[in-house]
Amino acid sequence: MNNDERIVITGVGLTSPNGNTLSEFRNNLLNAVSGVQKFTTRYIGETLAGICNFDPLKYQKKKDLRRGTRAGSISIYCANEAVADSGIDFEKFDKPRIGVYIGTTEHGNVETENEIYNLSQFDYDTKIWSHHHNPRTVANNPAGEVTLNMKITGPHYTIGGACAAGNLGIIQGVQMLKLKEVDLAIAGGVSESIHTFGIFAAFRNEGALASHPDPTKASRPFDSARNGIVISEGGCLYTLERLSDALARGAKIYAEIASYASNSDALDFVLPNSERQAECITLALKRGGIAPEQIDLVNTHATSTPQGDVSECNAVKKVFGASEKTYVNNTKSFIGHTMGAAGALELAGNLDSFNDCVIHPTINIDNLDPACDVKNLVVNKPKKVDKVEYILNNSFGMIGINSVLIVKKYK
Amino acid sequence: MTDQQIKDMILEIVADIAPDADLSNINPDVRLREQIELDSMDFLDIIMELRKRYKIDVPEEDYMKLSTLNGCVEYLRPHLKDR
């Protein structure tokens, strides 16, 4: 492959429940710092959530916050941070040649719920319904707010992919760069979902919402006592460039996109499917010409639900059962499930492994579920390994959508 | 409401809608949009807040009458005389 066809990550902007920069996030993943806390929301009362505390006024005016959405605000913060981190001369960059591709689980529920609540305070008089509702709820809102904020005139849209969306945003950016549609992609995923009561109510009513007296222990993938998902907000956007462009400007390179895949279970609205997950992983490996034993780290999607974790573990066992040095970890054990952001954000938390050869652990495992006993699971403490050259990142979602992204150390 | 109270009420609404704007030197006879950053969607917010806070429905044909602070006072005085 020539350097025009190789795509690299050159900048990272993120906000996670336990960190607003890559270094803060990584440091907390190596030091068992959770971002899950108590959260009170309309109709639900007290529950648990991962909440981000970035300063939205760093890149927006108060009026922008009033006008826009939380997803837009998260996106704007992450996009500006990523561009700043990339060292690109953004002022001089050709703005029509920048694309913004943001994965989201859903968009519009938060804003619609707010409007209906407001309406309820005025006897359901629809004259009270805000004229801002349409621009707030169009599906492209989070990506569009980035273009408004940064004066980017290239293409923008969101990729709706349930909880597989973060990876899909990155994949879309990679594809557009390969097609030469753009010269810079700002790509990844975001989620504002904690601000809709509906997501808590729906997970609770299907028995999939986590509870624990200690919020920091509620998200516990692979532990026998896991009882559901901790819903979190968050975002992570990358600057992606063709390797040729990155080298020409002497950019810092975090990683190279080695391969990716996406497929569908075609079986059930909510239940995951181990076989299709394994097929998706295998497809990504095959496309990249990568053998399972070459993968040094599998960052799992596992969300701390009884069934979902077992399903993924079975897929990982199937593909990596014979790989002696493929380590396995999970980032949701620290931050909960950041939904549309998860794939992109969880990848970011592992990028430093290329440099320090340390795998961040899966925390909160007091009693490992025997059904989740995958080989080389890094439990509770970070693990120093000999080398990290390939990281494989799983992200799966409802309606049966799977996405796998493989990144490799740039050298 | 007195004229001054109406002015204060409008400025309070504008302060919510344009929280970054400096409202300390607003000329009451010059269009608000010429003095602070206020677009058509913001203007609709003023109409909405009058509806929400004071149950005043301003028909579209009267919107222009609310373009200045003094215009607001003139227009709203009869609606607010007993409040």
# chains A, B, ... in the order shown; residues from 1 in each chain; ligands from 1
$ closest_atom_pairs --of "chain B" --to "chain A" --cutoff "8 Å" --atoms "only C-alpha atoms" --output "tab-separated table"
residue	atom	partner	partner_atom	distance
B:Ile17	CA	A:Lys63	CA	7.0
B:Ala18	CA	A:Lys63	CA	5.8
B:Pro19	CA	A:Lys63	CA	5.9
B:Asp20	CA	A:Lys62	CA	6.1
B:Met41	CA	A:His131	CA	7.4
B:Leu44	CA	A:His131	CA	7.6
B:Met48	CA	A:Ile128	CA	6.9
B:Arg51	CA	A:Ile128	CA	7.7
B:Lys52	CA	A:Ile128	CA	7.0
$ residues_around --residues "range 34-36 of chain B" --least-positions-apart "3" --cutoff "9 Å" --atoms "only C-alpha atoms" --output "PDB file with C-alpha atoms, in the first residue's frame"
ATOM      1  CA  ALA B  18     -28.156  36.757  24.398  1.00  0.00           C
ATOM      2  CA  ALA B  21     -24.135  40.555  25.062  1.00  0.00           C
ATOM      3  CA  ASP B  22     -23.392  43.792  26.918  1.00  0.00           C
ATOM      4  CA  LEU B  23     -26.776  45.398  27.591  1.00  0.00           C
ATOM      5  CA  ILE B  26     -28.668  49.911  24.799  1.00  0.00           C
ATOM      6  CA  ASN B  27     -30.125  52.872  22.913  1.00  0.00           C
ATOM      7  CA  VAL B  30     -32.258  51.933  17.834  1.00  0.00           C
ATOM      8  CA  ARG B  31     -33.122  48.429  16.662  1.00  0.00           C
TER       9      ARG B  31
END
$ closest_residue --among "A:Val378, A:Cys372, A:Ala84, A:Leu48" --to "Phe222 in chain A" --atoms "only C-alpha atoms"
A:Cys372
$ select_by_dssp --residues "range 102-328 of chain A" --states "strand (DSSP E or B)" --output "JSON, numbers by chain"
{"A": [102, 103, 104, 156, 157, 158, 159, 160, 184, 185, 186, 187, 188, 189, 190, 191, 209, 223, 229, 231, 232, 234, 235, 236, 237, 238, 239, 240, 241, 242, 255, 256, 257, 258, 259, 260, 261, 262, 263, 264, 297, 298, 299, 300, 327, 328]}
$ write_last_selection --atoms "N, CA and C atoms" --output "short mmCIF file (atom, residue, chain, number, x, y, z; two decimals), in the first residue's frame"
data_model
loop_
_atom_site.label_atom_id
_atom_site.label_comp_id
_atom_site.auth_asym_id
_atom_site.auth_seq_id
_atom_site.Cartn_x
_atom_site.Cartn_y
_atom_site.Cartn_z
N ILE A 102 -19.42 11.79 12.58
CA ILE A 102 -19.59 11.50 14.00
C ILE A 102 -20.61 10.39 14.22
N GLY A 103 -20.17 9.36 14.90
CA GLY A 103 -21.07 8.27 15.24
C GLY A 103 -21.93 8.62 16.44
N THR A 104 -23.23 8.28 16.34
CA THR A 104 -24.13 8.49 17.48
C THR A 104 -25.04 7.27 17.64
N HIS A 156 -20.43 17.08 6.30
CA HIS A 156 -20.61 16.65 7.69
C HIS A 156 -21.86 15.80 7.79
N TYR A 157 -21.80 14.79 8.57
CA TYR A 157 -22.99 14.04 8.93
C TYR A 157 -22.69 13.11 10.09
N THR A 158 -23.76 12.58 10.68
CA THR A 158 -23.57 11.60 11.74
C THR A 158 -23.83 10.21 11.16
N ILE A 159 -23.29 9.24 11.85
CA ILE A 159 -23.51 7.86 11.45
C ILE A 159 -24.26 7.21 12.61
N GLY A 160 -25.52 6.87 12.37
CA GLY A 160 -26.33 6.23 13.41
C GLY A 160 -26.01 4.75 13.45
N LEU A 184 -8.71 15.94 5.36
CA LEU A 184 -8.66 15.79 6.82
C LEU A 184 -10.04 15.32 7.27
N ALA A 185 -10.07 14.28 8.07
CA ALA A 185 -11.35 13.81 8.63
C ALA A 185 -11.32 14.02 10.13
N ILE A 186 -12.38 14.63 10.63
CA ILE A 186 -12.58 14.72 12.08
C ILE A 186 -13.65 13.68 12.38
N ALA A 187 -13.25 12.59 13.02
CA ALA A 187 -14.14 11.43 13.06
C ALA A 187 -14.07 10.70 14.39
N GLY A 188 -15.21 10.14 14.77
CA GLY A 188 -15.28 9.38 16.01
C GLY A 188 -16.71 9.24 16.44
N GLY A 189 -16.97 9.40 17.73
CA GLY A 189 -18.34 9.24 18.22
C GLY A 189 -18.60 10.06 19.46
N VAL A 190 -19.87 10.36 19.70
CA VAL A 190 -20.29 11.12 20.88
C VAL A 190 -21.59 10.56 21.44
N SER A 191 -21.86 10.90 22.68
CA SER A 191 -23.18 10.56 23.25
C SER A 191 -23.61 11.56 24.31
N LEU A 209 -30.19 -2.31 33.65
CA LEU A 209 -29.57 -1.10 34.19
C LEU A 209 -28.80 -1.46 35.47
N ASP A 223 -17.57 -9.80 35.82
CA ASP A 223 -17.68 -10.20 37.22
C ASP A 223 -19.01 -10.96 37.42
N ILE A 229 -25.92 -2.22 32.70
CA ILE A 229 -25.15 -1.13 32.09
C ILE A 229 -25.19 0.12 32.97
N ILE A 231 -25.02 3.93 32.20
CA ILE A 231 -25.11 4.79 31.01
C ILE A 231 -24.25 6.03 31.24
N SER A 232 -23.48 6.39 30.24
CA SER A 232 -22.55 7.51 30.38
C SER A 232 -22.61 8.42 29.16
N GLY A 234 -20.18 11.11 26.78
CA GLY A 234 -18.77 11.21 26.42
C GLY A 234 -18.59 11.48 24.94
N GLY A 235 -17.35 11.67 24.57
CA GLY A 235 -17.05 11.89 23.16
C GLY A 235 -15.58 11.67 22.88
N CYS A 236 -15.29 11.27 21.68
CA CYS A 236 -13.89 11.18 21.25
C CYS A 236 -13.86 11.35 19.74
N LEU A 237 -13.15 12.38 19.30
CA LEU A 237 -12.97 12.61 17.87
C LEU A 237 -11.48 12.63 17.56
N TYR A 238 -11.13 12.06 16.43
CA TYR A 238 -9.74 12.00 15.98
C TYR A 238 -9.57 12.88 14.74
N THR A 239 -8.36 13.38 14.56
CA THR A 239 -8.02 13.87 13.23
C THR A 239 -7.36 12.71 12.52
N LEU A 240 -7.89 12.38 11.36
CA LEU A 240 -7.35 11.30 10.52
C LEU A 240 -6.81 11.94 9.24
N GLU A 241 -5.66 11.44 8.82
CA GLU A 241 -5.06 11.96 7.58
C GLU A 241 -4.44 10.82 6.79
N ARG A 242 -4.24 11.05 5.52
CA ARG A 242 -3.44 10.10 4.75
C ARG A 242 -2.00 10.19 5.25
N ALA A 255 -1.21 6.25 15.62
CA ALA A 255 -1.44 4.87 15.17
C ALA A 255 -1.87 4.90 13.72
N GLU A 256 -1.77 3.74 13.10
CA GLU A 256 -2.26 3.60 11.73
C GLU A 256 -3.51 2.70 11.75
N ILE A 257 -4.50 3.05 10.94
CA ILE A 257 -5.68 2.20 10.84
C ILE A 257 -5.27 0.97 10.01
N ALA A 258 -5.34 -0.20 10.62
CA ALA A 258 -4.85 -1.40 9.94
C ALA A 258 -5.98 -2.13 9.21
N SER A 259 -7.16 -2.12 9.80
CA SER A 259 -8.29 -2.79 9.16
C SER A 259 -9.58 -2.49 9.93
N TYR A 260 -10.68 -2.87 9.32
CA TYR A 260 -11.96 -2.69 10.00
C TYR A 260 -12.99 -3.60 9.36
N ALA A 261 -14.09 -3.80 10.06
CA ALA A 261 -15.21 -4.56 9.50
C ALA A 261 -16.48 -4.20 10.24
N SER A 262 -17.59 -4.41 9.57
CA SER A 262 -18.90 -4.22 10.19
C SER A 262 -19.85 -5.25 9.58
N ASN A 263 -20.71 -5.80 10.41
CA ASN A 263 -21.72 -6.72 9.88
C ASN A 263 -22.98 -6.66 10.74
N SER A 264 -23.97 -7.47 10.38
CA SER A 264 -25.25 -7.47 11.08
C SER A 264 -25.60 -8.88 11.56
N LEU A 297 -3.73 -6.84 21.77
CA LEU A 297 -4.75 -6.42 22.73
C LEU A 297 -6.12 -6.39 22.07
N VAL A 298 -7.07 -7.03 22.72
CA VAL A 298 -8.48 -6.91 22.32
C VAL A 298 -9.17 -6.06 23.36
N ASN A 299 -9.62 -4.88 22.97
CA ASN A 299 -10.41 -4.04 23.88
C ASN A 299 -11.87 -4.39 23.65
N THR A 300 -12.46 -5.02 24.67
CA THR A 300 -13.81 -5.56 24.49
C THR A 300 -14.89 -4.50 24.58
N TYR A 327 -3.80 -10.14 24.71
CA TYR A 327 -4.39 -9.74 25.99
C TYR A 327 -5.77 -9.13 25.75
N VAL A 328 -6.57 -9.15 26.80
CA VAL A 328 -7.96 -8.70 26.68
C VAL A 328 -8.27 -7.75 27.83
#
$ closest_residue --among "A:Asn53, A:Asn134, A:Gln172, A:Ser333" --to "Pro221 in chain A" --atoms "only C-alpha atoms"
A:Ser333
$ residues_around --residues "Met64 in chain B" --least-positions-apart "3" --cutoff "12 Å" --atoms "only C-alpha atoms" --output "list of chain:residue names"
B:Arg31, B:Leu32, B:Arg33, B:Ser40, B:Phe43, B:Leu44, B:Ile47, B:Val58, B:Pro59, B:Glu60, B:Glu61, B:Ser67, B:Thr68, B:Leu69, B:Gly71, B:Cys72, B:Tyr75
$ select_by_dssp --residues "range 36-78 of chain B" --states "alpha helix (DSSP H)" --output "number ranges by chain"
B: 40-54, 69-78
$ write_last_selection --atoms "C-alpha atoms" --output "JSON list (two decimals), in the first residue's frame"
[["chain", "number", "residue", "atom", "x", "y", "z"],
["B", 40, "SER", "CA", -34.32, 36.00, 13.65],
["B", 41, "MET", "CA", -34.33, 32.82, 15.79],
["B", 42, "ASP", "CA", -33.35, 34.92, 18.82],
["B", 43, "PHE", "CA", -36.11, 37.37, 18.05],
["B", 44, "LEU", "CA", -38.58, 34.49, 17.99],
["B", 45, "ASP", "CA", -37.27, 33.63, 21.46],
["B", 46, "ILE", "CA", -38.37, 37.07, 22.68],
["B", 47, "ILE", "CA", -41.85, 36.41, 21.28],
["B", 48, "MET", "CA", -41.85, 32.96, 22.93],
["B", 49, "GLU", "CA", -40.80, 34.33, 26.31],
["B", 50, "LEU", "CA", -43.57, 36.96, 26.21],
["B", 51, "ARG", "CA", -45.99, 34.12, 25.59],
["B", 52, "LYS", "CA", -44.56, 31.94, 28.34],
["B", 53, "ARG", "CA", -43.99, 34.54, 31.03],
["B", 54, "TYR", "CA", -46.84, 37.01, 30.37],
["B", 69, "LEU", "CA", -36.76, 48.86, 23.31],
["B", 70, "ASN", "CA", -39.08, 51.87, 23.14],
["B", 71, "GLY", "CA", -41.12, 50.08, 20.46],
["B", 72, "CYS", "CA", -41.57, 47.20, 22.92],
["B", 73, "VAL", "CA", -42.75, 49.61, 25.62],
["B", 74, "GLU", "CA", -45.28, 51.26, 23.28],
["B", 75, "TYR", "CA", -46.60, 47.91, 22.08],
["B", 76, "LEU", "CA", -46.71, 46.13, 25.41],
["B", 77, "ARG", "CA", -48.00, 49.01, 27.57],
["B", 78, "PRO", "CA", -51.71, 48.25, 26.95]]
$ decode --residues "range 27-41 of chain B" --atoms "N, CA and C atoms" --output "PDB file, in the first residue's frame"
ATOM      1  N   ASN B  27     -29.369  51.676  23.295  1.00  0.00           N
ATOM      2  CA  ASN B  27     -30.125  52.872  22.913  1.00  0.00           C
ATOM      3  C   ASN B  27     -31.568  52.435  22.650  1.00  0.00           C
ATOM      4  N   PRO B  28     -32.538  52.959  23.401  1.00  0.00           N
ATOM      5  CA  PRO B  28     -33.926  52.450  23.298  1.00  0.00           C
ATOM      6  C   PRO B  28     -34.611  52.780  21.977  1.00  0.00           C
ATOM      7  N   ASP B  29     -33.998  53.674  21.186  1.00  0.00           N
ATOM      8  CA  ASP B  29     -34.639  54.039  19.919  1.00  0.00           C
ATOM      9  C   ASP B  29     -33.980  53.390  18.701  1.00  0.00           C
ATOM     10  N   VAL B  30     -32.951  52.611  18.946  1.00  0.00           N
ATOM     11  CA  VAL B  30     -32.258  51.933  17.834  1.00  0.00           C
ATOM     12  C   VAL B  30     -32.606  50.447  17.884  1.00  0.00           C
ATOM     13  N   ARG B  31     -32.748  49.860  16.700  1.00  0.00           N
ATOM     14  CA  ARG B  31     -33.122  48.429  16.662  1.00  0.00           C
ATOM     15  C   ARG B  31     -32.139  47.599  17.481  1.00  0.00           C
ATOM     16  N   LEU B  32     -32.707  46.704  18.274  1.00  0.00           N
ATOM     17  CA  LEU B  32     -31.876  45.843  19.134  1.00  0.00           C
ATOM     18  C   LEU B  32     -30.874  45.048  18.298  1.00  0.00           C
ATOM     19  N   ARG B  33     -31.321  44.567  17.151  1.00  0.00           N
ATOM     20  CA  ARG B  33     -30.455  43.721  16.315  1.00  0.00           C
ATOM     21  C   ARG B  33     -29.255  44.480  15.776  1.00  0.00           C
ATOM     22  N   GLU B  34     -29.334  45.806  15.744  1.00  0.00           N
ATOM     23  CA  GLU B  34     -28.185  46.594  15.289  1.00  0.00           C
ATOM     24  C   GLU B  34     -27.194  46.826  16.420  1.00  0.00           C
ATOM     25  N   GLN B  35     -27.596  46.539  17.637  1.00  0.00           N
ATOM     26  CA  GLN B  35     -26.734  46.841  18.787  1.00  0.00           C
ATOM     27  C   GLN B  35     -26.099  45.602  19.408  1.00  0.00           C
ATOM     28  N   ILE B  36     -26.803  44.504  19.304  1.00  0.00           N
ATOM     29  CA  ILE B  36     -26.250  43.250  19.846  1.00  0.00           C
ATOM     30  C   ILE B  36     -26.476  42.127  18.839  1.00  0.00           C
ATOM     31  N   GLU B  37     -25.743  41.040  19.046  1.00  0.00           N
ATOM     32  CA  GLU B  37     -25.868  39.901  18.140  1.00  0.00           C
ATOM     33  C   GLU B  37     -27.208  39.216  18.398  1.00  0.00           C
ATOM     34  N   LEU B  38     -28.138  39.421  17.495  1.00  0.00           N
ATOM     35  CA  LEU B  38     -29.499  38.908  17.693  1.00  0.00           C
ATOM     36  C   LEU B  38     -30.074  38.564  16.320  1.00  0.00           C
ATOM     37  N   ASP B  39     -30.276  37.295  16.036  1.00  0.00           N
ATOM     38  CA  ASP B  39     -30.814  36.945  14.714  1.00  0.00           C
ATOM     39  C   ASP B  39     -32.304  36.627  14.814  1.00  0.00           C
ATOM     40  N   SER B  40     -32.859  36.183  13.694  1.00  0.00           N
ATOM     41  CA  SER B  40     -34.320  36.001  13.654  1.00  0.00           C
ATOM     42  C   SER B  40     -34.783  34.920  14.640  1.00  0.00           C
ATOM     43  N   MET B  41     -33.947  33.885  14.828  1.00  0.00           N
ATOM     44  CA  MET B  41     -34.326  32.824  15.792  1.00  0.00           C
ATOM     45  C   MET B  41     -34.321  33.386  17.217  1.00  0.00           C
TER      46      MET B  41
END
